$ cat entry23.cif   # mmCIF, C-alpha atoms
data_structure
#
loop_
_atom_site.label_atom_id
_atom_site.label_comp_id
_atom_site.auth_asym_id
_atom_site.auth_seq_id
_atom_site.Cartn_x
_atom_site.Cartn_y
_atom_site.Cartn_z
CA MET A 1 -13.69 -17.16 14.01
CA ASN A 2 -12.20 -18.13 17.36
CA PRO A 3 -10.74 -14.90 18.87
CA LYS A 4 -8.29 -16.90 20.97
CA SER A 5 -6.75 -18.42 17.85
CA VAL A 6 -6.07 -15.08 16.17
CA ILE A 7 -3.16 -12.71 16.84
CA LYS A 8 -4.91 -9.43 17.60
CA GLY A 9 -4.16 -6.41 15.46
CA ARG A 10 -2.28 -8.37 12.81
CA GLY A 11 -3.17 -9.59 9.37
CA ALA A 12 -0.77 -12.50 8.99
CA GLN A 13 -1.11 -15.17 11.64
CA LEU A 14 2.28 -16.82 11.16
CA ASN A 15 5.83 -16.29 9.95
CA VAL A 16 6.42 -18.34 6.84
CA PRO A 17 10.02 -19.48 6.06
CA ASN A 18 12.18 -17.06 4.10
CA ARG A 19 12.87 -18.65 0.69
CA PHE A 20 16.43 -17.31 0.74
CA PHE A 21 17.31 -18.95 4.07
CA GLU A 22 18.31 -22.57 4.53
CA LEU A 23 17.14 -22.58 8.16
CA SER A 24 13.69 -21.67 9.44
CA HIS A 25 12.10 -20.86 12.80
CA GLU A 26 8.95 -22.50 14.11
CA MET A 27 6.82 -22.23 17.25
CA ARG A 28 6.73 -25.74 18.71
CA ASP A 29 3.70 -27.11 20.55
CA ASP A 30 5.75 -28.05 23.61
CA PHE A 31 6.99 -24.46 23.89
CA LEU A 32 3.45 -23.12 23.57
CA GLU A 33 2.29 -25.55 26.25
CA PHE A 34 5.10 -24.41 28.56
CA CYS A 35 4.13 -20.75 28.09
CA HIS A 36 0.50 -21.59 28.80
CA LYS A 37 1.37 -23.37 32.05
CA GLU A 38 3.69 -20.58 33.15
CA GLY A 39 1.18 -17.87 32.26
CA GLU A 40 3.66 -16.26 29.88
CA ALA A 41 3.05 -14.84 26.41
CA SER A 42 4.64 -16.94 23.68
CA ASP A 43 4.78 -13.91 21.41
CA LYS A 44 4.95 -10.29 22.62
CA ASN A 45 3.51 -9.06 19.30
CA LYS A 46 5.49 -5.80 19.39
CA THR A 47 6.47 -3.60 16.47
CA LEU A 48 10.17 -2.78 16.09
CA TYR A 49 11.51 0.17 14.10
CA LEU A 50 14.92 -0.55 12.60
CA GLU A 51 16.95 2.16 10.87
CA VAL A 52 18.59 1.23 7.57
CA PHE A 53 20.96 3.19 5.34
CA PRO A 54 20.25 2.72 1.61
CA LYS A 55 22.49 4.44 -0.92
CA THR A 56 19.57 5.41 -3.16
CA ILE A 57 15.87 6.02 -2.48
CA VAL A 58 14.17 6.27 -5.89
CA ASN A 59 13.60 3.04 -7.80
CA LYS A 60 12.93 2.65 -11.50
CA VAL A 61 9.87 0.45 -12.04
CA GLU A 62 10.52 -2.05 -14.82
CA SER A 63 7.16 -3.87 -14.80
CA PRO A 64 5.27 -2.95 -17.99
CA ASP A 65 1.77 -3.21 -16.48
CA ILE A 66 2.26 -0.94 -13.47
CA GLY A 67 1.25 2.66 -14.00
CA MET A 68 4.39 4.29 -12.67
CA ALA A 69 7.96 4.79 -13.85
CA TYR A 70 9.63 5.64 -10.53
CA SER A 71 8.75 5.02 -6.91
CA MET A 72 10.23 5.58 -3.48
CA ASN A 73 9.46 4.04 -0.11
CA PRO A 74 10.49 5.76 3.15
CA TYR A 75 9.68 2.52 4.99
CA GLN A 76 10.02 -1.19 4.24
CA GLY A 77 7.49 -3.46 5.87
CA CYS A 78 4.10 -2.05 6.83
CA GLU A 79 2.31 -2.09 10.14
CA HIS A 80 -1.08 -1.81 8.44
CA GLY A 81 -0.97 -5.60 8.08
CA CYS A 82 -3.12 -5.92 4.94
CA ILE A 83 -3.28 -9.67 4.46
CA TYR A 84 -3.23 -9.54 0.64
CA CYS A 85 -0.32 -7.08 0.27
CA TYR A 86 1.95 -7.89 -2.68
CA ALA A 87 4.82 -6.06 -0.92
CA ARG A 88 5.13 -8.82 1.69
CA ASN A 89 7.45 -10.82 -0.57
CA SER A 90 9.94 -7.93 -0.72
CA HIS A 91 10.60 -8.25 3.02
CA GLU A 92 12.42 -11.51 2.34
CA TYR A 93 15.15 -9.57 0.54
CA TRP A 94 15.89 -7.82 3.84
CA GLY A 95 16.22 -11.14 5.68
CA TYR A 96 12.76 -11.27 7.24
CA SER A 97 9.57 -13.28 6.81
CA ALA A 98 6.77 -12.08 4.56
CA GLY A 99 4.34 -12.96 7.35
CA LEU A 100 4.32 -11.36 10.78
CA ASP A 101 7.82 -9.91 10.31
CA PHE A 102 6.48 -7.74 7.49
CA GLU A 103 4.10 -6.09 9.97
CA ARG A 104 6.38 -6.03 13.02
CA ARG A 105 9.87 -5.31 11.66
CA ILE A 106 9.61 -1.90 10.03
CA LEU A 107 12.74 -0.61 8.31
CA VAL A 108 13.09 3.16 8.53
CA LYS A 109 15.02 5.23 5.98
CA LYS A 110 15.76 8.50 7.78
CA ASP A 111 18.11 9.64 5.00
CA ALA A 112 15.35 9.49 2.38
CA PRO A 113 14.85 13.29 2.11
CA LYS A 114 18.59 13.91 1.61
CA LEU A 115 18.86 11.13 -0.96
CA LEU A 116 15.82 12.47 -2.81
CA GLU A 117 17.18 16.02 -2.87
CA ALA A 118 20.52 14.82 -4.21
CA LEU A 119 18.74 13.03 -7.05
CA LEU A 120 16.51 15.95 -8.01
CA LYS A 121 19.52 18.29 -8.18
CA LYS A 122 21.37 16.10 -10.67
CA LYS A 123 21.63 17.59 -14.15
CA SER A 124 21.16 14.11 -15.56
CA TRP A 125 17.79 13.60 -13.85
CA LYS A 126 14.90 13.91 -16.29
CA THR A 127 11.59 14.90 -14.76
CA HIS A 128 9.20 12.01 -14.22
CA PRO A 129 6.47 11.70 -11.60
CA ILE A 130 7.78 9.83 -8.56
CA VAL A 131 5.28 7.76 -6.60
CA LEU A 132 5.53 7.78 -2.83
CA SER A 133 4.67 4.25 -1.75
CA GLY A 134 4.91 2.03 -4.76
CA ASN A 135 5.52 -0.74 -2.24
CA THR A 136 4.61 0.09 1.38
CA ASP A 137 2.41 2.87 2.74
CA CYS A 138 4.29 6.12 3.34
CA TYR A 139 1.64 7.16 5.91
CA GLN A 140 1.71 3.98 7.99
CA PRO A 141 1.92 4.44 11.81
CA ALA A 142 5.72 4.91 11.76
CA GLU A 143 5.22 8.21 9.92
CA GLN A 144 3.65 9.76 13.02
CA GLN A 145 7.00 9.39 14.78
CA PHE A 146 9.56 9.90 12.01
CA GLU A 147 7.82 12.33 9.60
CA ILE A 148 10.00 11.18 6.70
CA THR A 149 7.16 11.46 4.19
CA ARG A 150 6.49 15.05 5.17
CA GLN A 151 10.17 15.91 4.76
CA CYS A 152 10.16 14.32 1.31
CA LEU A 153 7.10 16.34 0.30
CA GLU A 154 8.94 19.48 1.36
CA VAL A 155 11.76 18.50 -1.01
CA PHE A 156 9.31 17.93 -3.88
CA LEU A 157 7.79 21.36 -3.23
CA LYS A 158 11.18 23.07 -3.02
CA TYR A 159 12.23 21.68 -6.40
CA LYS A 160 8.77 21.93 -8.00
CA HIS A 161 8.83 18.25 -8.86
CA PRO A 162 5.70 16.17 -9.58
CA VAL A 163 4.81 13.49 -7.03
CA ALA A 164 2.00 11.01 -6.57
CA ILE A 165 1.00 9.33 -3.32
CA ILE A 166 -0.65 5.98 -2.61
CA THR A 167 -2.08 5.56 0.89
CA LYS A 168 -4.96 4.23 2.96
CA ASN A 169 -4.24 6.38 6.00
CA ALA A 170 -5.95 9.64 6.99
CA LEU A 171 -2.59 10.86 8.34
CA ILE A 172 -2.05 12.38 4.90
CA LEU A 173 -4.30 15.27 6.02
CA ARG A 174 -1.56 16.33 8.46
CA ASP A 175 0.37 17.48 5.39
CA LEU A 176 -2.52 19.33 3.77
CA ASP A 177 -0.53 22.58 3.85
CA ILE A 178 2.20 21.16 1.60
CA LEU A 179 -0.25 19.29 -0.61
CA LYS A 180 -2.19 22.49 -1.32
CA GLU A 181 1.00 24.28 -2.34
CA LEU A 182 1.93 21.43 -4.68
CA ALA A 183 -1.59 21.44 -6.13
CA LYS A 184 -1.28 25.12 -7.10
CA ASP A 185 1.20 24.05 -9.79
CA ASN A 186 -0.46 20.71 -10.55
CA LEU A 187 2.40 18.77 -8.98
CA ILE A 188 0.40 16.31 -6.86
CA GLY A 189 -2.00 13.41 -7.35
CA VAL A 190 -3.28 11.25 -4.49
CA ASN A 191 -4.46 7.65 -4.68
CA VAL A 192 -6.50 6.53 -1.68
CA SER A 193 -7.07 2.80 -1.31
CA ILE A 194 -10.59 1.79 -0.20
CA THR A 195 -11.40 -1.90 -0.46
CA SER A 196 -14.75 -2.08 1.32
CA LEU A 197 -17.55 -0.07 2.90
CA SER A 198 -17.80 -2.61 5.70
CA GLU A 199 -15.84 -2.00 8.90
CA ASP A 200 -16.08 -5.69 9.74
CA ILE A 201 -14.30 -6.58 6.50
CA ARG A 202 -11.81 -3.73 6.93
CA ARG A 203 -10.81 -4.90 10.41
CA ILE A 204 -9.83 -8.38 9.33
CA LEU A 205 -8.43 -7.52 5.89
CA GLU A 206 -6.48 -4.41 6.95
CA PRO A 207 -6.27 -4.49 10.76
CA ARG A 208 -4.22 -1.36 11.47
CA THR A 209 -5.51 0.94 8.76
CA THR A 210 -7.68 4.04 9.03
CA THR A 211 -11.41 3.34 9.27
CA ILE A 212 -13.50 3.48 6.11
CA LYS A 213 -15.34 6.54 7.42
CA LYS A 214 -12.08 8.44 7.88
CA ARG A 215 -10.82 7.37 4.47
CA LEU A 216 -13.95 8.70 2.81
CA GLU A 217 -13.58 11.93 4.77
CA THR A 218 -9.97 12.09 3.55
CA VAL A 219 -11.08 11.81 -0.08
CA LYS A 220 -13.62 14.57 0.51
CA THR A 221 -11.21 16.91 2.30
CA LEU A 222 -8.47 16.52 -0.29
CA SER A 223 -10.94 17.07 -3.13
CA GLU A 224 -12.41 20.16 -1.51
CA HIS A 225 -8.92 21.68 -1.36
CA GLY A 226 -8.25 21.13 -5.05
CA ILE A 227 -6.06 18.05 -4.65
CA PRO A 228 -7.00 15.45 -7.30
CA VAL A 229 -7.88 12.03 -5.88
CA ASN A 230 -8.08 8.64 -7.54
CA VAL A 231 -9.51 5.81 -5.44
CA MET A 232 -7.95 2.37 -5.66
CA LEU A 233 -10.57 -0.36 -5.37
CA ALA A 234 -7.76 -2.78 -4.85
CA PRO A 235 -7.62 -5.57 -4.58
CA ILE A 236 -11.01 -6.97 -5.50
CA ILE A 237 -11.32 -10.35 -3.79
CA PRO A 238 -14.08 -12.67 -5.06
CA SER A 239 -16.79 -13.36 -2.46
CA ILE A 240 -15.26 -10.90 0.00
CA ASN A 241 -15.61 -7.45 -1.55
CA SER A 242 -16.47 -8.16 -5.19
CA HIS A 243 -20.15 -7.43 -4.53
CA GLU A 244 -19.28 -3.88 -3.39
CA ILE A 245 -17.84 -2.51 -6.63
CA LEU A 246 -20.84 -0.37 -7.65
CA PRO A 247 -21.69 1.00 -4.18
CA LEU A 248 -18.00 1.70 -3.56
CA ALA A 249 -17.64 3.58 -6.84
CA LYS A 250 -20.82 5.58 -6.21
CA THR A 251 -19.74 6.53 -2.69
CA VAL A 252 -16.21 7.66 -3.56
CA SER A 253 -17.52 9.65 -6.53
CA GLU A 254 -19.94 11.44 -4.22
CA HIS A 255 -17.02 12.26 -1.92
CA GLY A 256 -15.10 13.93 -4.77
CA ALA A 257 -12.90 11.25 -6.32
CA LEU A 258 -12.11 11.93 -9.97
CA SER A 259 -11.47 8.33 -10.99
CA ILE A 260 -11.16 4.74 -9.80
CA ALA A 261 -8.69 1.95 -10.51
CA HIS A 262 -8.78 -1.71 -9.56
CA THR A 263 -6.86 -4.96 -9.48
CA ILE A 264 -7.99 -8.52 -8.81
CA VAL A 265 -6.18 -10.11 -5.90
CA ARG A 266 -3.22 -12.35 -6.72
CA LEU A 267 -1.28 -14.29 -4.12
CA ASN A 268 2.29 -14.58 -5.32
CA GLY A 269 5.19 -16.19 -3.51
CA ALA A 270 4.76 -16.52 0.25
CA ILE A 271 1.47 -14.59 0.19
CA GLY A 272 -0.46 -17.64 -0.98
CA GLU A 273 0.42 -19.57 2.19
CA ILE A 274 -0.11 -16.53 4.43
CA PHE A 275 -3.52 -15.72 2.92
CA THR A 276 -4.66 -19.36 2.97
CA ASP A 277 -3.76 -19.72 6.66
CA TRP A 278 -5.50 -16.41 7.44
CA ILE A 279 -8.76 -17.09 5.65
CA LYS A 280 -9.11 -20.57 7.14
CA LYS A 281 -8.80 -18.99 10.59
CA THR A 282 -10.93 -15.90 10.02
CA MET A 283 -13.52 -17.06 7.45
CA PRO A 284 -13.59 -20.87 7.67
CA ASP A 285 -17.12 -21.06 6.27
CA ARG A 286 -16.11 -19.55 2.92
CA ALA A 287 -12.36 -20.17 2.79
CA ASP A 288 -12.40 -22.88 0.10
CA LYS A 289 -14.89 -20.96 -2.03
CA VAL A 290 -12.79 -17.79 -2.00
CA LEU A 291 -9.54 -19.62 -2.74
CA HIS A 292 -11.08 -21.53 -5.65
CA GLN A 293 -12.54 -18.33 -7.10
CA ILE A 294 -9.17 -16.59 -6.90
CA GLU A 295 -7.66 -19.56 -8.72
CA ASN A 296 -10.40 -19.26 -11.34
CA CYS A 297 -9.22 -15.71 -12.04
CA HIS A 298 -5.59 -16.75 -12.58
CA GLY A 299 -5.52 -19.84 -14.73
CA GLY A 300 -6.11 -22.28 -11.89
CA THR A 301 -3.44 -21.00 -9.49
CA LEU A 302 -3.18 -18.46 -6.67
CA ASN A 303 0.16 -17.33 -8.04
CA ASP A 304 0.04 -15.23 -11.21
CA SER A 305 3.03 -13.32 -12.60
CA ARG A 306 1.96 -12.99 -16.24
CA TYR A 307 2.29 -9.44 -17.49
CA GLY A 308 -0.96 -8.23 -18.96
CA LYS A 309 -2.99 -10.89 -17.11
CA ARG A 310 -1.92 -10.73 -13.47
CA MET A 311 -3.63 -7.45 -12.53
CA HIS A 312 -7.11 -8.03 -13.95
CA GLY A 313 -7.16 -11.79 -14.31
CA GLU A 314 -9.05 -13.96 -16.80
CA GLY A 315 -12.03 -16.29 -16.85
CA LYS A 316 -15.71 -15.72 -16.08
CA ILE A 317 -15.34 -14.35 -12.55
CA ALA A 318 -12.61 -11.91 -13.59
CA GLU A 319 -14.69 -10.88 -16.58
CA GLN A 320 -17.66 -10.10 -14.34
CA ILE A 321 -15.49 -8.03 -12.00
CA ASN A 322 -13.87 -6.08 -14.83
CA ASN A 323 -17.25 -5.43 -16.46
CA LEU A 324 -18.64 -4.10 -13.19
CA VAL A 325 -15.71 -1.68 -12.87
CA SER A 326 -16.27 -0.50 -16.45
CA LEU A 327 -19.96 0.03 -15.68
CA ALA A 328 -19.07 1.94 -12.51
CA ARG A 329 -16.81 4.27 -14.49
CA ARG A 330 -19.54 4.99 -17.04
CA GLN A 331 -22.15 5.46 -14.35
CA TYR A 332 -20.30 7.57 -11.76
CA PHE A 333 -17.22 9.07 -13.46
CA LYS A 334 -18.55 9.98 -16.90
CA ASP A 335 -17.40 13.60 -16.80
CA LYS A 336 -14.45 13.19 -14.42
CA LYS A 337 -10.76 12.67 -15.06
CA MET A 338 -7.49 12.83 -13.14
CA PRO A 339 -5.26 15.62 -14.52
CA LYS A 340 -1.76 14.85 -15.74
CA LEU A 341 1.01 16.10 -13.49
CA ASN A 342 3.06 19.14 -14.48
CA LEU A 343 6.52 18.16 -15.75
CA THR A 344 7.60 21.62 -16.93
CA LEU A 345 8.69 23.43 -13.76
CA HIS A 346 11.39 21.28 -12.23
CA ASP A 347 14.20 22.14 -14.67
CA GLN A 348 13.86 25.79 -13.62
CA TYR A 349 14.21 24.83 -9.93
CA LYS A 350 17.18 22.45 -10.06
CA GLU A 351 18.93 24.52 -7.40
CA GLY A 352 15.84 24.82 -5.22
CA GLN A 353 14.86 28.24 -6.48
CA LEU A 354 13.66 29.74 -9.75
CA ARG A 355 16.46 30.03 -12.29
CA LEU A 356 16.26 33.53 -13.78
CA PHE A 357 19.17 33.41 -16.21
#
$ encode --input "entry23.cif" --output "C-alpha cells"
Amino acid sequence: MNPKSVIKGRGAQLNVPNRFFELSHEMRDDFLEFCHKEGEASDKNKTLYLEVFPKTIVNKVESPDIGMAYSMNPYQGCEHGCIYCYARNSHEYWGYSAGLDFERRILVKKDAPKLLEALLKKKSWKTHPIVLSGNTDCYQPAEQQFEITRQCLEVFLKYKHPVAIITKNALILRDLDILKELAKDNLIGVNVSITSLSEDIRRILEPRTTTIKKRLETVKTLSEHGIPVNVMLAPIIPSINSHEILPLAKTVSEHGALSIAHTIVRLNGAIGEIFTDWIKKTMPDRADKVLHQIENCHGGTLNDSRYGKRMHGEGKIAEQINNLVSLARRQYFKDKKMPKLNLTLHDQYKEGQLRLF
C-alpha cells in the first residue's frame, strides 16, 4: 500500500456518482496538479454535521431475512468509515455519495428523542423491540457531541420499552448507568460488532472505529454488569477475516458474549465500486483473489439481493464459512443463549409512569 495514495482516516477512497443524479462531480488531474504546484490540499477531508428534521424516527423493517421488526437511527451516514457497510447506499437517498460523503456528511436528528417519545405514548403502538442502529452506528463519533442516543435510551427507560443496540464503539459504556437499569427488567440486548482480532485489519477495514482491545473490554464490562451481549462476526470477508472465525468466537465467549451471529460480505449498489477501488489500493496483492471469492459466494456477482441467500451466501466457500460458524457455536456457546426481551411492561407505562388503575 502506498500511504500517499490513500486518504488517511477514511475507508472509501473516492466519491462515486449518485445514481439518482444526472450530473456527477469528479476530481480532474489538472486540478490535482495545480494543487500540488501551489502546495494546497485538494481535499480538506473534514467531517460536517448537518441537522435534519424527519417527521418520524422509527422505521418498520420489511426485509424477511433481517432479525428485527423496527429500527431507528439518530444519525445518517457514519464516520466510522467501514468500507463494506451496506448502509452506504442509503446516503444516496439524501442526495450524497455512498463513498466519502457517507463518512464526511453526517446527518444529525436532534428531534429523535421527542419523536420516539411521541410514538411510544400512542395507544395504537404495539410493543416490539426497537433496534438502535439498524443502519448506521448510534455510538459513532457524533454521539460524543450530540448525545442523542443517550437521550433515546432515557426515553426507553422511562416508558419501560424493550430496545436493542448494534455498535462497534466503546462509547456505549458511557451509558452503563441507563443500560443497567434497563437490564433489571430485561429490556436491553446489545450487539457488538467485532470483525477481526488484528489491529492492522481493523485499521484499514474500519478506520475510525474503537480498537479491538477496547471492543473486547466493552463486551466484558457489559456482561459483568448483567447486560446480555451478542457479538456480530460481520461481515465475514473471504481471505481477509474468514480464517479468524474460530479464534474470534473463542475470544468473545471468554469475554462473556452469550451468542454470535454472522453474515458473508455482499457488495450491493455503489458499494461494489467503492470496495473494489479500496482493495486495489490497500491490498493490491490479494485484491483479485478476494473479489473472485466474494463472487463465488453470491452466484458469480458482487451484488446479491436474494432473500434467503444474500446474508449467508452459497457455494463451497460460503459453505465452509457457515460450517465454521456452526462449529464455533457448538464449541464455545453450547450452554449460552441471549434472553428474549421483555414485552410486558410498556403498556403499563404508556404515560411514563406505572399505571395503577
$ residues_around --input "entry23.cif" --residues "range 339-356 of chain A" --least-positions-apart "6" --cutoff "8 Å" --atoms "only C-alpha atoms" --output "ChimeraX atom specification"
/A:120-123,127-129,158-163,185-189,228
$ resolve_selection --input "entry23.cif" --expression "the PyMOL selection byres ((chain A and resi 75) around 10)" --output "VMD selection string"
chain A and resid 49 to 52 72 to 74 76 to 78 106 to 110 112 133 135 to 140 142 to 143 148 to 149
$ closest_residue --input "entry23.cif" --among "A:Ser124, A:Thr167, A:Asn45, A:Asn322" --to "Ser242 in chain A" --atoms "only C-alpha atoms"
A:Asn322
$ resolve_selection --input "entry23.cif" --expression "the PyMOL selection byres ((chain A and resi 304-306) around 10)" --output "ChimeraX atom specification"
/A:65,265-269,295,297-303,307-311,313
$ closest_residue --input "entry23.cif" --among "A:Glu92, A:Ile201, A:Pro113, A:Glu217" --to "Val155 in chain A" --atoms "only C-alpha atoms"
A:Pro113
$ atom_distance --input "entry23.cif" --atom1 "CA of Ser196 in chain A" --atom2 "CA of Glu244 in chain A"
6.8 Å
$ resolve_selection --input "entry23.cif" --expression "the PyMOL selection byres ((chain A and resi 82) around 8)" --output "VMD selection string"
chain A and resid 11 80 to 81 83 to 85 205 to 207
$ closest_residue --input "entry23.cif" --among "A:Asn230, A:Ser239, A:Thr211, A:Thr282" --to "Lys337 in chain A" --atoms "all atoms listed in the file"
A:Asn230
$ build_atoms --input "entry23.cif" --residues "range 208-226 of chain A" --atoms "N, CA, C and O atoms" --output "CSV table (one decimal), keeping the file's coordinate frame"
chain,number,residue,atom,x,y,z
A,208,ARG,N,-4.7,-2.6,10.8
A,208,ARG,CA,-4.2,-1.4,11.5
A,208,ARG,C,-4.3,-0.2,10.5
A,208,ARG,O,-3.5,0.8,10.6
A,209,THR,N,-5.3,-0.2,9.7
A,209,THR,CA,-5.5,0.9,8.8
A,209,THR,C,-6.6,1.9,9.3
A,209,THR,O,-7.3,1.6,10.2
A,210,THR,N,-6.6,3.1,8.7
A,210,THR,CA,-7.7,4.0,9.0
A,210,THR,C,-9.1,3.5,8.7
A,210,THR,O,-9.2,2.7,7.7
A,211,THR,N,-10.1,3.8,9.5
A,211,THR,CA,-11.4,3.3,9.3
A,211,THR,C,-11.9,3.8,7.9
A,211,THR,O,-11.4,4.8,7.3
A,212,ILE,N,-12.9,3.1,7.4
A,212,ILE,CA,-13.5,3.5,6.1
A,212,ILE,C,-14.1,4.9,6.2
A,212,ILE,O,-13.9,5.7,5.2
A,213,LYS,N,-14.7,5.2,7.3
A,213,LYS,CA,-15.3,6.5,7.4
A,213,LYS,C,-14.3,7.6,7.3
A,213,LYS,O,-14.5,8.6,6.6
A,214,LYS,N,-13.1,7.4,8.0
A,214,LYS,CA,-12.1,8.4,7.9
A,214,LYS,C,-11.4,8.5,6.5
A,214,LYS,O,-11.0,9.6,6.0
A,215,ARG,N,-11.4,7.4,5.8
A,215,ARG,CA,-10.8,7.4,4.5
A,215,ARG,C,-11.7,8.2,3.5
A,215,ARG,O,-11.2,8.9,2.7
A,216,LEU,N,-13.0,7.9,3.6
A,216,LEU,CA,-14.0,8.7,2.8
A,216,LEU,C,-13.9,10.2,3.1
A,216,LEU,O,-13.9,11.0,2.2
A,217,GLU,N,-13.7,10.5,4.4
A,217,GLU,CA,-13.6,11.9,4.8
A,217,GLU,C,-12.3,12.5,4.2
A,217,GLU,O,-12.2,13.7,3.8
A,218,THR,N,-11.3,11.7,4.1
A,218,THR,CA,-10.0,12.1,3.6
A,218,THR,C,-10.1,12.4,2.1
A,218,THR,O,-9.6,13.4,1.6
A,219,VAL,N,-10.8,11.6,1.3
A,219,VAL,CA,-11.1,11.8,-0.1
A,219,VAL,C,-11.8,13.1,-0.2
A,219,VAL,O,-11.5,14.0,-1.1
A,220,LYS,N,-12.8,13.3,0.6
A,220,LYS,CA,-13.6,14.6,0.5
A,220,LYS,C,-12.8,15.8,0.8
A,220,LYS,O,-12.8,16.8,0.1
A,221,THR,N,-12.0,15.7,1.9
A,221,THR,CA,-11.2,16.9,2.3
A,221,THR,C,-10.2,17.3,1.2
A,221,THR,O,-10.0,18.4,0.9
A,222,LEU,N,-9.5,16.3,0.8
A,222,LEU,CA,-8.5,16.5,-0.3
A,222,LEU,C,-9.1,17.1,-1.5
A,222,LEU,O,-8.6,18.1,-2.1
A,223,SER,N,-10.2,16.6,-1.9
A,223,SER,CA,-10.9,17.1,-3.1
A,223,SER,C,-11.4,18.5,-3.0
A,223,SER,O,-11.3,19.3,-3.9
A,224,GLU,N,-11.9,18.8,-1.8
A,224,GLU,CA,-12.4,20.2,-1.5
A,224,GLU,C,-11.3,21.2,-1.5
A,224,GLU,O,-11.5,22.4,-1.7
A,225,HIS,N,-10.1,20.8,-1.3
A,225,HIS,CA,-8.9,21.7,-1.4
A,225,HIS,C,-8.2,21.6,-2.7
A,225,HIS,O,-7.0,22.1,-2.8
A,226,GLY,N,-8.8,21.1,-3.7
A,226,GLY,CA,-8.2,21.1,-5.0
A,226,GLY,C,-7.2,20.1,-5.3
A,226,GLY,O,-6.4,20.3,-6.3
